[in-house]
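Structure file entry34.tsv; described as TSV, C-alpha atoms.
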```
chain	number	residue	atom	x	y	z
L	1	MET	CA	73.08	56.31	324.40
L	2	ILE	CA	73.52	53.47	326.91
L	3	HIS	CA	70.58	53.50	329.33
L	4	GLU	CA	70.92	52.93	333.05
L	5	LEU	CA	68.54	50.00	333.28
L	6	PRO	CA	68.46	48.10	336.60
L	7	VAL	CA	70.98	45.27	336.67
L	8	TRP	CA	68.39	42.87	338.13
L	9	PHE	CA	66.09	43.59	335.17
L	10	GLU	CA	68.80	42.86	332.59
L	11	TRP	CA	69.90	39.60	334.24
L	12	ALA	CA	66.34	38.44	334.89
L	13	SER	CA	65.40	39.17	331.26
L	14	LEU	CA	68.37	37.26	329.84
L	15	ALA	CA	67.77	34.31	332.17
L	16	ALA	CA	64.07	34.15	331.23
L	17	LEU	CA	64.88	34.28	327.51
L	18	ILE	CA	67.49	31.52	327.82
L	19	VAL	CA	64.98	29.31	329.64
L	20	LEU	CA	62.37	30.03	326.96
L	21	LEU	CA	64.79	29.06	324.19
L	22	ALA	CA	65.74	25.87	326.05
L	23	VAL	CA	62.08	24.88	326.48
L	24	ASP	CA	61.38	25.64	322.83
L	25	LEU	CA	64.34	23.48	321.76
L	26	ALA	CA	63.19	20.63	324.04
L	27	ILE	CA	59.66	20.73	322.59
L	28	VAL	CA	60.96	20.62	319.02
L	29	GLY	CA	63.42	17.81	319.76
L	30	ARG	CA	60.81	15.71	321.54
L	31	ARG	CA	58.18	15.80	318.79
L	32	PRO	CA	59.60	16.46	315.31
L	33	HIS	CA	56.77	17.29	312.88
L	34	VAL	CA	55.63	19.72	310.23
L	35	PRO	CA	53.57	22.36	312.08
L	36	SER	CA	50.15	23.30	310.73
L	37	MET	CA	49.27	26.83	309.70
L	38	LYS	CA	47.20	27.20	312.88
L	39	GLU	CA	50.03	26.00	315.13
L	40	SER	CA	52.57	28.25	313.41
L	41	GLY	CA	50.22	31.24	313.56
L	42	LEU	CA	49.62	30.79	317.29
L	43	TRP	CA	53.36	30.56	318.03
L	44	VAL	CA	54.15	33.63	315.92
L	45	ALA	CA	51.37	35.56	317.69
L	46	PHE	CA	52.76	34.40	321.05
L	47	TYR	CA	56.29	35.63	320.31
L	48	VAL	CA	55.07	38.93	318.86
L	49	ALA	CA	52.88	39.48	321.94
L	50	LEU	CA	55.84	38.57	324.16
L	51	ALA	CA	58.01	41.20	322.45
L	52	LEU	CA	55.28	43.82	322.84
L	53	VAL	CA	54.88	42.98	326.55
L	54	PHE	CA	58.66	43.08	327.06
L	55	GLY	CA	58.70	46.57	325.56
L	56	LEU	CA	55.97	47.66	327.97
L	57	ILE	CA	57.93	46.25	330.91
L	58	MET	CA	61.01	48.15	329.68
L	59	LEU	CA	58.83	51.26	329.47
L	60	ALA	CA	57.81	50.83	333.10
L	61	VAL	CA	61.34	50.06	334.28
L	62	GLY	CA	63.46	52.41	332.15
L	63	GLY	CA	61.15	54.96	330.55
L	64	VAL	CA	60.10	55.95	327.03
L	65	ALA	CA	63.57	56.16	325.42
L	66	PRO	CA	64.75	52.54	325.93
L	67	ALA	CA	61.29	51.15	325.15
L	68	GLY	CA	61.09	53.11	321.89
L	69	GLU	CA	64.60	51.99	320.90
L	70	PHE	CA	63.70	48.37	321.66
L	71	TYR	CA	60.57	48.48	319.50
L	72	ALA	CA	62.44	50.16	316.62
L	73	GLY	CA	65.31	47.68	316.84
L	74	TRP	CA	63.01	44.67	317.12
L	75	LEU	CA	60.92	45.74	314.10
L	76	THR	CA	64.05	46.35	312.03
L	77	GLU	CA	65.59	42.99	312.93
L	78	TYR	CA	62.27	41.20	312.41
L	79	SER	CA	61.73	42.69	308.96
L	80	LEU	CA	65.30	41.84	307.91
L	81	SER	CA	64.82	38.30	309.27
L	82	VAL	CA	61.73	37.81	307.10
L	83	ASP	CA	63.84	38.58	304.05
L	84	ASN	CA	66.41	36.05	305.26
L	85	LEU	CA	63.78	33.31	305.15
L	86	PHE	CA	64.17	33.23	301.36
L	87	VAL	CA	67.72	31.95	301.81
L	88	PHE	CA	66.67	29.48	304.51
L	89	VAL	CA	64.19	27.98	302.04
L	90	ILE	CA	67.01	27.59	299.51
L	91	ILE	CA	69.31	25.97	302.10
L	92	MET	CA	66.63	23.47	303.12
L	93	SER	CA	66.09	22.56	299.48
L	94	ARG	CA	69.81	22.51	298.67
L	95	PHE	CA	70.55	19.98	301.45
L	96	ALA	CA	67.24	18.08	301.00
L	97	VAL	CA	66.37	18.35	304.70
L	98	PRO	CA	63.36	16.14	305.62
L	99	LYS	CA	60.38	18.38	306.38
L	100	LYS	CA	59.69	16.96	309.81
L	101	HIS	CA	63.24	17.84	310.92
L	102	GLN	CA	63.28	21.38	309.51
L	103	GLN	CA	62.04	22.82	312.81
L	104	MET	CA	65.05	21.35	314.62
L	105	VAL	CA	67.43	22.67	311.97
L	106	LEU	CA	66.01	26.18	312.25
L	107	MET	CA	66.01	26.12	316.05
L	108	VAL	CA	69.61	24.95	316.40
L	109	GLY	CA	70.71	27.31	313.62
L	110	ILE	CA	69.02	30.22	315.40
L	111	ILE	CA	70.74	29.38	318.70
L	112	ILE	CA	74.11	29.22	316.92
L	113	ALA	CA	73.33	32.57	315.31
L	114	LEU	CA	72.41	34.13	318.68
L	115	VAL	CA	75.70	33.02	320.25
L	116	LEU	CA	77.69	34.40	317.30
L	117	ARG	CA	75.64	37.59	317.19
L	118	GLY	CA	76.18	38.07	320.92
L	119	ALA	CA	79.94	38.14	320.36
L	120	PHE	CA	79.44	40.42	317.36
L	121	ILE	CA	77.30	42.84	319.41
L	122	LEU	CA	79.79	43.00	322.29
L	123	ALA	CA	82.64	43.69	319.86
L	124	GLY	CA	80.57	46.32	318.04
L	125	ALA	CA	79.63	48.07	321.29
L	126	ALA	CA	83.28	48.17	322.41
L	127	ILE	CA	84.41	49.57	319.05
L	128	LEU	CA	81.70	52.23	318.97
L	129	GLU	CA	82.52	53.33	322.50
L	130	GLN	CA	86.12	54.00	321.51
L	131	PHE	CA	85.72	55.05	317.87
L	132	VAL	CA	82.56	57.03	317.16
L	133	TRP	CA	83.77	57.71	313.60
L	134	VAL	CA	82.94	54.05	312.77
L	135	PHE	CA	79.37	55.35	312.31
L	136	TYR	CA	80.57	56.86	309.03
L	137	LEU	CA	81.55	53.39	307.82
L	138	PHE	CA	78.36	51.76	309.12
L	139	GLY	CA	76.21	54.43	307.49
L	140	ALA	CA	77.98	54.18	304.14
L	141	PHE	CA	77.74	50.37	304.23
L	142	LEU	CA	74.00	50.45	304.94
L	143	ILE	CA	73.38	52.91	302.11
L	144	TYR	CA	75.43	50.68	299.79
L	145	THR	CA	73.38	47.65	300.89
L	146	ALA	CA	70.16	49.58	300.27
L	147	VAL	CA	71.26	50.45	296.73
L	148	LYS	CA	72.09	46.80	296.06
L	149	LEU	CA	68.64	45.74	297.27
L	150	VAL	CA	66.89	48.20	294.98
L	151	ALA	CA	69.08	47.19	292.04
L	152	GLY	CA	68.36	43.54	292.74
L	153	ASP	CA	72.09	42.84	292.77
L	154	ASP	CA	72.14	39.95	295.21
L	155	ASP	CA	72.87	36.25	294.95
L	156	GLU	CA	70.20	34.92	297.31
L	157	GLU	CA	68.78	32.78	294.52
L	158	GLU	CA	72.06	30.86	294.29
L	159	PHE	CA	73.15	29.74	297.73
L	160	LYS	CA	76.87	29.09	297.84
L	161	GLU	CA	78.60	27.21	300.63
L	162	ASN	CA	80.68	29.62	302.70
L	163	VAL	CA	84.18	29.06	304.07
L	164	ALA	CA	82.92	27.52	307.34
L	165	ILE	CA	80.90	24.86	305.52
L	166	ARG	CA	83.67	23.99	303.06
L	167	LEU	CA	86.18	23.72	305.92
L	168	LEU	CA	83.78	21.49	307.85
L	169	ARG	CA	83.45	19.13	304.89
L	170	ARG	CA	87.23	18.84	304.56
L	171	VAL	CA	87.96	18.27	308.25
L	172	LEU	CA	85.08	16.00	309.30
L	173	PRO	CA	83.92	12.73	307.71
L	174	VAL	CA	80.31	13.32	306.63
L	175	SER	CA	77.88	10.61	305.53
L	176	LYS	CA	75.74	10.94	302.41
L	177	GLU	CA	72.42	10.13	304.11
L	178	TYR	CA	70.52	11.60	307.07
L	179	ASP	CA	69.87	9.54	310.19
L	180	GLY	CA	66.79	11.29	311.56
L	181	ALA	CA	67.86	14.43	313.42
L	182	LYS	CA	71.15	12.89	314.58
L	183	VAL	CA	74.47	14.58	313.88
L	184	ARG	CA	76.43	11.32	314.33
L	185	THR	CA	75.77	7.94	312.75
L	186	VAL	CA	77.49	4.63	312.01
L	187	VAL	CA	77.98	3.50	308.41
L	188	ASP	CA	79.72	0.17	307.73
L	189	GLY	CA	81.15	0.20	311.25
L	190	LYS	CA	82.56	3.73	310.88
L	191	LYS	CA	81.39	6.68	312.96
L	192	LEU	CA	80.50	9.58	310.70
L	193	PHE	CA	78.82	12.95	311.02
L	194	THR	CA	75.52	13.33	309.16
L	195	PRO	CA	74.61	16.14	306.75
L	196	MET	CA	72.49	17.55	309.60
L	197	LEU	CA	75.62	19.02	311.17
L	198	VAL	CA	76.47	20.75	307.89
L	199	VAL	CA	72.95	22.20	307.69
L	200	PHE	CA	73.19	23.50	311.28
L	201	VAL	CA	76.41	25.30	310.40
L	202	ALA	CA	74.93	26.55	307.10
L	203	ILE	CA	71.92	28.15	308.82
L	204	GLY	CA	73.93	29.60	311.70
L	205	SER	CA	76.83	30.96	309.66
L	206	THR	CA	74.58	32.32	306.92
L	207	ASP	CA	72.53	34.16	309.54
L	208	LEU	CA	75.76	35.64	310.89
L	209	LEU	CA	76.50	36.99	307.41
L	210	PHE	CA	73.07	38.62	307.45
L	211	ALA	CA	74.07	40.26	310.73
L	212	LEU	CA	76.69	42.27	308.82
L	213	ASP	CA	73.92	44.67	307.82
L	214	SER	CA	71.33	44.07	310.57
L	215	ILE	CA	73.68	44.70	313.51
L	216	PRO	CA	74.98	48.04	312.16
L	217	ALA	CA	71.36	48.94	311.39
L	218	ILE	CA	70.17	48.40	314.95
L	219	PHE	CA	73.25	50.20	316.33
L	220	GLY	CA	71.97	53.12	314.28
L	221	LEU	CA	68.83	53.06	316.45
L	222	THR	CA	70.38	52.36	319.85
L	223	LYS	CA	73.88	52.06	321.26
L	224	ASP	CA	72.75	50.02	324.26
L	225	PRO	CA	74.12	46.45	323.80
L	226	PHE	CA	71.40	45.00	326.07
L	227	ILE	CA	68.64	46.46	323.88
L	228	VAL	CA	70.47	45.35	320.73
L	229	PHE	CA	70.81	41.78	321.98
L	230	THR	CA	67.25	41.42	323.32
L	231	ALA	CA	65.84	42.87	320.10
L	232	ASN	CA	67.82	40.24	318.17
L	233	ILE	CA	66.56	37.45	320.44
L	234	PHE	CA	62.92	38.44	320.04
L	235	ALA	CA	63.32	38.84	316.27
L	236	LEU	CA	64.90	35.39	315.87
L	237	MET	CA	62.75	33.47	318.36
L	238	GLY	CA	59.62	33.51	316.22
L	239	LEU	CA	61.53	33.01	312.98
L	240	ARG	CA	61.13	29.23	313.02
L	241	GLN	CA	57.34	29.35	313.15
L	242	LEU	CA	57.26	32.26	310.69
L	243	TYR	CA	59.15	30.05	308.21
L	244	PHE	CA	56.27	27.56	308.16
L	245	LEU	CA	53.52	30.17	308.43
L	246	LEU	CA	54.58	32.23	305.46
L	247	GLY	CA	55.50	29.33	303.18
L	248	GLY	CA	54.47	30.35	299.68
L	249	LEU	CA	53.57	33.84	300.88
L	250	LEU	CA	57.28	34.72	300.77
L	251	GLU	CA	57.09	34.84	296.99
L	252	ARG	CA	54.15	37.24	297.20
L	253	LEU	CA	56.12	39.88	299.15
L	254	VAL	CA	57.61	41.24	295.94
L	255	TYR	CA	58.17	44.75	297.32
L	256	LEU	CA	59.80	43.65	300.60
L	257	PRO	CA	63.36	44.28	299.29
L	258	ILE	CA	62.36	47.87	298.47
L	259	ALA	CA	60.97	48.38	301.98
L	260	LEU	CA	64.16	46.97	303.48
L	261	ALA	CA	66.20	49.23	301.22
L	262	VAL	CA	64.25	52.27	302.47
L	263	ILE	CA	64.78	51.21	306.10
L	264	LEU	CA	68.50	50.50	305.67
L	265	GLY	CA	69.02	53.68	303.64
L	266	PHE	CA	67.21	55.77	306.25
L	267	ILE	CA	69.25	54.29	309.10
L	268	GLY	CA	72.43	54.73	307.06
L	269	VAL	CA	71.67	58.45	306.64
L	270	LYS	CA	70.79	58.63	310.36
L	271	LEU	CA	74.16	57.12	311.27
L	272	ILE	CA	76.09	59.56	309.09
L	273	LEU	CA	74.15	62.52	310.51
L	274	GLU	CA	74.85	61.30	314.04
L	275	ALA	CA	78.53	60.87	313.18
L	276	LEU	CA	78.58	64.45	311.88
L	277	HIS	CA	76.79	65.66	314.99
L	278	THR	CA	79.45	64.08	317.22
L	279	ASN	CA	82.33	64.41	314.75
L	280	THR	CA	85.92	64.12	315.99
L	281	LEU	CA	87.73	63.50	312.69
L	282	PRO	CA	90.23	66.35	312.10
L	283	PHE	CA	89.68	66.50	308.31
L	284	ILE	CA	85.91	67.11	308.75
L	285	ASN	CA	85.02	70.59	310.02
L	286	GLY	CA	88.37	70.81	311.78
L	287	GLY	CA	87.51	67.99	314.17
L	288	GLU	CA	84.50	69.86	315.51
L	289	HIS	CA	80.88	68.70	315.45
L	290	VAL	CA	78.79	69.85	312.49
L	291	ALA	CA	76.14	72.17	313.90
L	292	TRP	CA	73.58	71.73	311.10
L	293	ALA	CA	73.51	67.93	311.38
L	294	PRO	CA	70.15	67.08	313.01
L	295	GLU	CA	69.45	64.29	315.48
L	296	ILE	CA	66.67	62.05	314.16
L	297	PRO	CA	64.25	61.16	316.99
L	298	ILE	CA	63.31	57.56	317.67
L	299	TRP	CA	59.62	58.21	316.93
L	300	LEU	CA	60.53	59.19	313.37
L	301	SER	CA	62.60	56.02	313.00
L	302	LEU	CA	59.63	53.95	314.18
L	303	ALA	CA	57.32	55.75	311.74
L	304	VAL	CA	59.65	55.10	308.79
L	305	ILE	CA	60.11	51.41	309.70
L	306	LEU	CA	56.40	50.71	310.25
L	307	GLY	CA	55.33	52.78	307.24
L	308	SER	CA	57.79	51.09	304.89
L	309	ILE	CA	56.76	47.58	305.95
L	310	ALA	CA	53.03	48.40	305.79
L	311	VAL	CA	53.19	50.03	302.35
L	312	ALA	CA	55.37	47.23	300.93
L	313	THR	CA	53.06	44.52	302.28
L	314	VAL	CA	49.86	46.12	300.96
L	315	ALA	CA	51.43	46.92	297.58
L	316	SER	CA	52.89	43.41	297.26
L	317	LEU	CA	49.60	41.67	298.01
L	318	ALA	CA	47.73	43.99	295.63
L	319	LYS	CA	50.20	43.33	292.82
L	320	THR	CA	50.22	39.55	293.25
L	321	ARG	CA	46.40	39.57	293.40
L	322	ARG	CA	46.26	41.48	290.10
L	323	THR	CA	48.85	39.17	288.55
L	324	ALA	CA	46.88	36.10	289.65
L	325	ALA	CA	43.64	37.58	288.26
L	326	VAL	CA	45.27	38.29	284.88
L	327	ALA	CA	46.78	34.78	284.77
L	328	ALA	CA	43.40	33.24	285.63
L	329	GLN	CA	41.69	35.24	282.90
L	330	GLU	CA	44.30	34.24	280.34
L	331	GLY	CA	43.92	30.61	281.40
L	332	ALA	CA	40.15	30.81	281.02
L	333	ASP	CA	40.47	32.39	277.56
L	334	SER	CA	42.95	29.70	276.52
L	335	ALA	CA	40.67	26.89	277.74
L	336	ALA	CA	37.69	28.36	275.87
L	337	GLY	CA	39.59	28.12	272.58
L	338	PRO	CA	39.76	30.66	269.75
L	339	THR	CA	36.72	32.90	269.21
L	340	PRO	CA	34.83	31.79	266.08
L	341	SER	CA	35.07	34.33	263.30
L	342	THR	CA	31.96	35.79	261.68
L	343	PRO	CA	31.36	34.09	258.30
L	344	SER	CA	31.61	36.38	255.33
L	345	THR	CA	28.46	37.10	253.31
L	346	THR	CA	28.37	35.05	250.12
L	347	ALA	CA	25.73	34.53	247.48
L	348	GLU	CA	23.49	31.45	247.66
L	349	PRO	CA	24.62	28.81	245.14
L	350	THR	CA	22.55	28.77	242.00
L	351	THR	CA	20.89	25.64	240.60
L	352	GLN	CA	23.56	25.45	237.91
L	353	ASP	CA	26.33	25.65	240.49
L	354	ALA	CA	24.71	22.91	242.59
L	355	ALA	CA	24.39	20.65	239.58
L	356	SER	CA	27.97	21.28	238.62
L	357	GLU	CA	29.11	20.49	242.19
L	358	SER	CA	27.15	17.20	242.33
L	359	ALA	CA	28.68	16.14	239.02
L	360	THR	CA	32.20	16.56	240.30
L	361	PRO	CA	33.86	13.11	240.74
L	362	GLY	CA	34.31	12.01	244.35
L	363	ARG	CA	32.27	14.79	245.95
L	364	ASP	CA	29.37	12.51	246.91
L	365	GLY	CA	31.48	9.42	247.39
L	366	SER	CA	30.16	7.71	244.22
L	367	GLY	CA	32.62	9.04	241.67
L	368	ARG	CA	35.41	6.64	240.78
```

Show me the file's structure as structure tokens.
Amino acid sequence: MIHELPVWFEWASLAALIVLLAVDLAIVGRRPHVPSMKESGLWVAFYVALALVFGLIMLAVGGVAPAGEFYAGWLTEYSLSVDNLFVFVIIMSRFAVPKKHQQMVLMVGIIIALVLRGAFILAGAAILEQFVWVFYLFGAFLIYTAVKLVAGDDDEEEFKENVAIRLLRRVLPVSKEYDGAKVRTVVDGKKLFTPMLVVFVAIGSTDLLFALDSIPAIFGLTKDPFIVFTANIFALMGLRQLYFLLGGLLERLVYLPIALAVILGFIGVKLILEALHTNTLPFINGGEHVAWAPEIPIWLSLAVILGSIAVATVASLAKTRRTAAVAAQEGADSAAGPTPSTPSTTAEPTTQDAASESATPGRDGSGR
């Protein structure tokens, strides 16, 4: 449902978030650098704490229902965003972005993604208000996506330039080299765009493609466009610092796709059940709602989301720890060399044998 939150609260929240994003962008642009683990950790903690506080404010202003929906939506978007970091790593490597400028790339890409997602969310809210049966399509799509995640049938390992990037390369003259964080440069007297512009578009447009499953997923938790948008903002704001904080840890989260599949599958089923509960399609139950279709409460959604992420994280770290221990043991065994075999028991050579051996030419070095 769409909650009747105070208008002043919604406008004040959006204004504060825009200011925060602008300040963050100014800080990154003023001092490009590779953040340390400590710096990244502090920023991630700050944004997580900010989201938790915002949920408490929403609880005080609007009540339990909108606050619960915000937390569920934020956790879902955040967990899906962590999985998207794998592709961001590939994009940075594919375009050979200098490390000290990667913060700027992520920040601008995230802002582009927020603008595009905002339009996507408004369109989705308008469609859902007029055509509730779209939940059937959303639910089926999320279940399909969940199956693909479990089957490992994705092409994240091989980033391919999408239509927007290919069109950009055809229309605009792009230089071969970077010029710091600039998007325009001069080469042999000609004004050209730098590859930085292409990377901005790659990050932003790729994130929009990710929204094809994340936006329907959060609409399965709340139909309020304000909650959907703010949950997306809070999920994406800390993504830049999370990129540097996780680093090699991304490869250790081996069971994250399974957790995401469980979350998406659960929300897909929830959407279909809700569509059945409010059914208007004439070829399903004569256009009447299906009485047995239950409404899944938001607390259960929160429990499934948190439980899936927690179990996947613990299981992933345990597995990678075991794998590392086995690899270390095998490396130690290999460095130690083959184990010497126990010599077989043989009879002591007799005096005659010894004499015969010493008489053999060349054995003692004197035989010619």

Quick one: pull the distance between CA of Leu14 in chain L and CA of Ala164 in chain L, Å, one decimal.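 So the two atoms, CA of Leu14 in chain L and CA of Ala164 in chain L, lie 28.5 Å apart.
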
Pick out the residues sitting within 12 Å of Arg321 in chain L, and hand them over as a short mmCIF file (atom, residue, chain, number, x, y, z; two decimals) with C-alpha atoms, keeping the file's coordinate frame; count all atoms listed in the file, and ignore anything fewer than 4 positions along from it in its own chain.
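Wrote part.cif, looks like this:
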```
data_model
loop_
_atom_site.label_atom_id
_atom_site.label_comp_id
_atom_site.auth_asym_id
_atom_site.auth_seq_id
_atom_site.Cartn_x
_atom_site.Cartn_y
_atom_site.Cartn_z
CA LEU L 249 53.57 33.84 300.88
CA ARG L 252 54.15 37.24 297.20
CA LEU L 253 56.12 39.88 299.15
CA VAL L 254 57.61 41.24 295.94
CA VAL L 314 49.86 46.12 300.96
CA ALA L 315 51.43 46.92 297.58
CA SER L 316 52.89 43.41 297.26
CA LEU L 317 49.60 41.67 298.01
CA ALA L 325 43.64 37.58 288.26
CA VAL L 326 45.27 38.29 284.88
CA ALA L 327 46.78 34.78 284.77
CA ALA L 328 43.40 33.24 285.63
#
```

Considering only C-alpha atoms, state which residue in the set L:Ile215, L:Trp133, L:Met237, L:Pro294 is at the smallest distance from Ile18 in chain L.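 For Ile18 in chain L, the nearest of the candidates is L:Met237.
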
Compile a residue-level contact table for range 49-82 of chain L against range 220-232 of chain L at a cut-off of 6 Å, reporting for every qualifying residue the shortest atom pair and its distance in Å to one decimal, with only C-alpha atoms counted, rows ordered by chain and ascending number, as a tab-separated table.
```
residue	atom	partner	partner_atom	distance
L:Glu69	CA	L:Thr222	CA	5.9
L:Phe70	CA	L:Ile227	CA	5.7
L:Gly73	CA	L:Ala231	CA	5.8
L:Trp74	CA	L:Ala231	CA	4.5
```

Print the selection's residues with C-alpha atoms to a file, as a PDB file, keeping the file's coordinate frame.
```
ATOM      1  CA  GLU L  69      64.600  51.990 320.900  1.00  0.00           C
ATOM      2  CA  PHE L  70      63.700  48.370 321.660  1.00  0.00           C
ATOM      3  CA  GLY L  73      65.310  47.680 316.840  1.00  0.00           C
ATOM      4  CA  TRP L  74      63.010  44.670 317.120  1.00  0.00           C
TER       5      TRP L  74
END
```

Check which residues of range 235-350 of chain L sit at most 12 Å from range 109-131 of chain L using all atoms listed in the file, and return one row each with the closest pair of atoms and their distance in Å to one decimal, ordered by chain and rising number, as JSON lines.
```
{"residue": "L:Ala235", "atom": "CA", "partner": "L:Ile110", "partner_atom": "CA", "distance": 10.4}
{"residue": "L:Leu236", "atom": "CA", "partner": "L:Ile110", "partner_atom": "CA", "distance": 6.6}
{"residue": "L:Met237", "atom": "CA", "partner": "L:Ile110", "partner_atom": "CA", "distance": 7.7}
{"residue": "L:Gly238", "atom": "CA", "partner": "L:Ile110", "partner_atom": "CA", "distance": 10.0}
{"residue": "L:Leu239", "atom": "CA", "partner": "L:Ile110", "partner_atom": "CA", "distance": 8.4}
{"residue": "L:Arg240", "atom": "CA", "partner": "L:Ile110", "partner_atom": "CA", "distance": 8.3}
{"residue": "L:Gln241", "atom": "CA", "partner": "L:Ile110", "partner_atom": "CA", "distance": 11.9}
{"residue": "L:Leu271", "atom": "CA", "partner": "L:Leu128", "partner_atom": "CA", "distance": 11.8}
{"residue": "L:Ala275", "atom": "CA", "partner": "L:Phe131", "partner_atom": "CA", "distance": 10.4}
{"residue": "L:Thr278", "atom": "CA", "partner": "L:Phe131", "partner_atom": "CA", "distance": 11.0}
{"residue": "L:Asn279", "atom": "CA", "partner": "L:Phe131", "partner_atom": "CA", "distance": 10.4}
{"residue": "L:Thr280", "atom": "CA", "partner": "L:Phe131", "partner_atom": "CA", "distance": 9.3}
{"residue": "L:Leu281", "atom": "CA", "partner": "L:Phe131", "partner_atom": "CA", "distance": 10.1}
```

Using all atoms listed in the file, which of the listed residues (L:Leu300, L:Val199, L:Ala65, L:Leu17) sits closest to Ile91 in chain L? L:Val199

Taking all atoms listed in the file into account, name the residue in L:Ala217, L:Leu302, L:Leu5, L:Ile233 that is nearest to Ala140 in chain L.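 Looking at the shortest contact to Ala140 in chain L, the residue is L:Ala217.
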
Which of L:Thr185, L:Gln103, L:Asn285, L:Thr206 sits closest to Ile27 in chain L [using all atoms listed in the file]: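 Closest to Ile27 in chain L of all the choices is L:Gln103.
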
What is the CA of Leu142 in chain L-CA of Gly265 in chain L distance in Å, reported with one decimal?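 Going from CA of Leu142 in chain L over to CA of Gly265 in chain L covers 6.1 Å.
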
My list of candidates is L:Ala16, L:Ala318, L:Leu242, L:Ile263. Which is closest to Lys38 in chain L when distances are computed with only C-alpha atoms?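 Comparing L:Ala16, L:Ala318, L:Leu242, L:Ile263 against Lys38 in chain L, the winner is L:Leu242.
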
From L:Arg94, L:Arg322, L:His33, L:Arg169, residue lying nearest Phe244 in chain L [all atoms listed in the file]: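 Smallest separation from Phe244 in chain L among the options: L:His33.
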